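A.B. asks: This is the structure I have questions about; it appears just below.
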Amino acid sequence: MNISRHSLLFGLSYALDIAGKNNLSHSKSTAYLAVRMADRLGFDGDMVLPLYYAALLHDIGISNEYKMFEHCAIGAEMLEKLPLTSEIPLYVLYHHELIGGTGPFGLSGDDIPIASQIICLASAFDDQFGKKAEGFNHSLFQQAENWLAEVRPLFREDVANAFLDLMKQEAFLLDYFSQETKYRLSEKIVVGDDVHYGYGEVQQFALCFADIIDRRSPFTYTHSQGIAMLAREAAALLSFDAEVQDKMYIAGLLHDIGKLHVSTDILHKNGPLTPEERFEINKHTYYTRKILEQIPGLEDVTRYASNHHEKMDGTGYPYRMAGDELSELERVMAICDVYQALTEERPYRAPLTPEKVWGIIDKMTDNGHLDKDLAEKLKAMDFGHAAPAS
């Protein structure tokens with residue numbers, strides 16, 4: 001693997017935005033606003049880059065179950081485990097601190113990193129105005145001015161002044177409020193980052209996001225890691241090389257990343273889903289593809305991950321692919337998904353034994369849902385005993 005760090009973080013930031021659903025560009029808009037303020041304040045490239053990445057990932061620890069200080073701390077803890085510079089988790093940890101000491105950690109004045117203050121102001125502005133749909137006009141400009149006047153005592157004077165100076169440039173707010181450019185704002189940012197990641201670094205990010213995905217549902221806490229290990233095992237049993245095995249492992253970790261778009265009320269439901277709820281949860285594979293296809297170099301991973309609910313007879317979702325439209329490894333991932341789900345404990349049943357699981361898979365192959373030849377090969381190879389990945 002040879003994946004651009006910028007592309008990876010940029011793509012994964014969209015996963016954080018779809019978890020909120022009301023503002024599908026919050027991370028990228030926050031990063032855009034933050035970098036524009038940093039430029040205004042005279043930051044050099046070495047200072048801008050960690051600010052930019054911290055802004056993209058500032059909501060990585062957010063959850064409806066956490067208080068503000070908890071999501072800041074959890075986000076920083078997650079980022080500390082990733083191959084990123086030490087400033088990034090620090091900026092995220094303090095991105096809700098206010099200049100007078102009324103933030104979640106009580107920091108004040110110069111004790112707050114200026115980058116955290118910049119992210120705080122950028123995020124707050126986008127929370128307030130990011131969902132405005134009417135476009136930019138004089139009334140909206142006055143609303144923005146009044147809002148900044150109200151909140152500016154919470155921020156460093158130089159940070160607030162930098163943002164006010166930007167607001168006085170008509171093009172700045174015209175870009176921000178334009179429906180044509182709203183979701184492409186961060187394309188206006190030129191980031192000087194030539195770092196590329198290999199498999200080990202990509203795996204670290206994938207494990208982090210698998211954890212975010214799985215802990216949204218108490219029923220499937222280790223689902224993604226389980227499928228990742230099965231997918232790697234299956235690829236090895238079928239004699240695919242190490243690179244393919246690695247890609248299948250990453251795909252398994254990220255196959256449900258689109259579930260961040262699904263309400264936790266649905267994910268937590270202990271019982272049958274209504275047709276409306278099933279319609280919503282079926283969208284997750286579409287969003288898995290939408291997230292991962294933003295990352296050049298992960299094309300194979302994207303296909304393996306996002307097609308795990310397609311069926312051989314074309315009755316799967318979301319593209320109704322069938323037969324030869326699905327590669328061998330995409331068919332393998334579908335088998336892994338079924339096997340893992342059936343061997344997991346759920347509130348309404350205990351884990352099924354391998355014998356019962358293979359009986360169900362056999363029926364699914366007879367019905368044309370799964371690939372019969374591949375299922376029989378894997379069953380004959382005693383599939384299902386994957387060791388934890390290193």
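Chain lettering (A, B, ...) mirrors the order of the structure tokens, residue numbering begins at 1 for each chain separately, and ligand numbering begins at 1 in order of display.
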Skip Cys120 (chain A) itself and residues of its chain fewer than 2 positions away, then list as a list in words all residues within 8 Å of it, counting only C-alpha atoms.
C.D. replies: His95, His96, Glu97, Ser116, Gln117, Ile118, Ala122, Ser123 and Ala124 of chain A
A.B. asks: Would you list the contacts of Leu352 (chain A) as a VMD selection string, taking every protein, DNA or RNA residue within 7 Å and counting only C-alpha atoms, but skipping same-chain residues closer than 2 positions in sequence?
C.D. replies: chain A and resid 342 to 343 350 354 356 to 357
A.B. asks: Those same residues - N, CA and C atoms - I'd like them written as a PDB file, in the first residue's frame.
C.D. replies:
ATOM      1  N   LEU A 342     -23.447 -14.744  12.468  1.00  0.00           N
ATOM      2  CA  LEU A 342     -24.118 -15.895  13.072  1.00  0.00           C
ATOM      3  C   LEU A 342     -23.348 -16.466  14.260  1.00  0.00           C
ATOM      4  N   THR A 343     -22.055 -16.236  14.313  1.00  0.00           N
ATOM      5  CA  THR A 343     -21.265 -16.767  15.430  1.00  0.00           C
ATOM      6  C   THR A 343     -21.115 -15.759  16.566  1.00  0.00           C
ATOM      7  N   ALA A 350     -28.025 -17.018  21.435  1.00  0.00           N
ATOM      8  CA  ALA A 350     -26.616 -17.321  21.719  1.00  0.00           C
ATOM      9  C   ALA A 350     -25.865 -17.494  20.404  1.00  0.00           C
ATOM     10  N   PRO A 354     -20.519 -23.778  14.633  1.00  0.00           N
ATOM     11  CA  PRO A 354     -20.106 -23.822  13.222  1.00  0.00           C
ATOM     12  C   PRO A 354     -20.992 -24.729  12.377  1.00  0.00           C
ATOM     13  N   LYS A 356     -24.227 -25.360  12.714  1.00  0.00           N
ATOM     14  CA  LYS A 356     -25.473 -24.660  12.393  1.00  0.00           C
ATOM     15  C   LYS A 356     -25.220 -23.520  11.406  1.00  0.00           C
ATOM     16  N   VAL A 357     -24.092 -22.835  11.574  1.00  0.00           N
ATOM     17  CA  VAL A 357     -23.753 -21.729  10.676  1.00  0.00           C
ATOM     18  C   VAL A 357     -23.606 -22.240   9.250  1.00  0.00           C
TER      19      VAL A 357
END
A.B. asks: Tell me which protein, DNA and RNA residues are within 10 Å of His58 (chain A), counting only C-alpha atoms, leaving out same-chain ones fewer than 5 positions away, and put them as a PyMOL selection string.
C.D. replies: chain A and resi 13+16+27+30-31+51-53+71-72+75-76+79+88-89+91-96+116+119-120+123
A.B. asks: Can you measure CA of Asp324 (chain A) to CA of Asp371 (chain A) for me? One decimal in Å is fine.
C.D. replies: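 The value is 10.8 Å.
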A.B. asks: Using only C-alpha atoms, can you tell me which of A:Thr288, A:Ser263, A:Ser7, A:Gln340 comes closest to Val301 (chain A)?
C.D. replies: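 Answer, going by the shortest atom-to-atom distance: A:Thr288.
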A.B. asks: Measure the distance from CA of Lys311 (chain A) to CA of Asp337 (chain A) in Å and round it to one decimal.
C.D. replies: 12.1 Å
A.B. asks: Show which residues sit within 6 Å of Ile3 (chain A), as number ranges by chain. Count only C-alpha atoms, and ignore same-chain residues fewer than 2 positions away.
C.D. replies: A: 196-197, 297
A.B. asks: Write the residues of the selection above to a file with C-alpha atoms, as a compact mmCIF listing (two decimals), in the first residue's frame.
C.D. replies:
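So the final result, stored in again_27.txt, reads:
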# COMPACT_ATOMS: atom_id res chain seq x y z
CA HIS A 196 2.46 8.42 2.33
CA TYR A 197 1.40 5.50 4.50
CA GLY A 297 -5.16 3.71 -3.60
A.B. asks: Pick out the closest residue to Thr315 (chain A) from this set: A:Lys188, A:Arg156, A:His6, A:His369. Count only C-alpha atoms.
C.D. replies: A:His369
A.B. asks: If we count only C-alpha atoms and set the cut-off at 12 Å, which residues sit around Asp44 (chain A), ignoring sequence neighbours fewer than 5 positions away in its own chain? Please answer as a PyMOL selection string.
C.D. replies: chain A and resi 35+38-39+49-51+191-192
A.B. asks: Got time to write the residues from that selection, C-alpha atoms, as a PDB file, in the first residue's frame?
C.D. replies:
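Wrote it out as out37.pdb, contents follow:
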ATOM      1  CA  VAL A  35      -6.698  27.248   7.827  1.00  0.00           C
ATOM      2  CA  ALA A  38      -4.209  30.569  10.408  1.00  0.00           C
ATOM      3  CA  ASP A  39      -3.106  32.114   7.120  1.00  0.00           C
ATOM      4  CA  LEU A  49      -0.526  21.208   8.777  1.00  0.00           C
ATOM      5  CA  PRO A  50      -1.197  19.851  12.302  1.00  0.00           C
ATOM      6  CA  LEU A  51      -3.929  22.479  12.739  1.00  0.00           C
ATOM      7  CA  VAL A 191      -1.778  21.381   1.917  1.00  0.00           C
ATOM      8  CA  GLY A 192       1.929  20.714   1.564  1.00  0.00           C
TER       9      GLY A 192
END
A.B. asks: Using only C-alpha atoms, which protein or nucleic acid residues come within 12 Å of Gly106 (chain A)? Drop anything in the same chain fewer than 3 positions from it, and give the result as a list in words.
C.D. replies: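 In the requested form, the answer reads Phe69, Tyr94, His95, His96, Glu97, Leu98, Ile99, Gly100, Gly101, Thr102, Gly103, Gly109, Asp111 and Ile112 of chain A.
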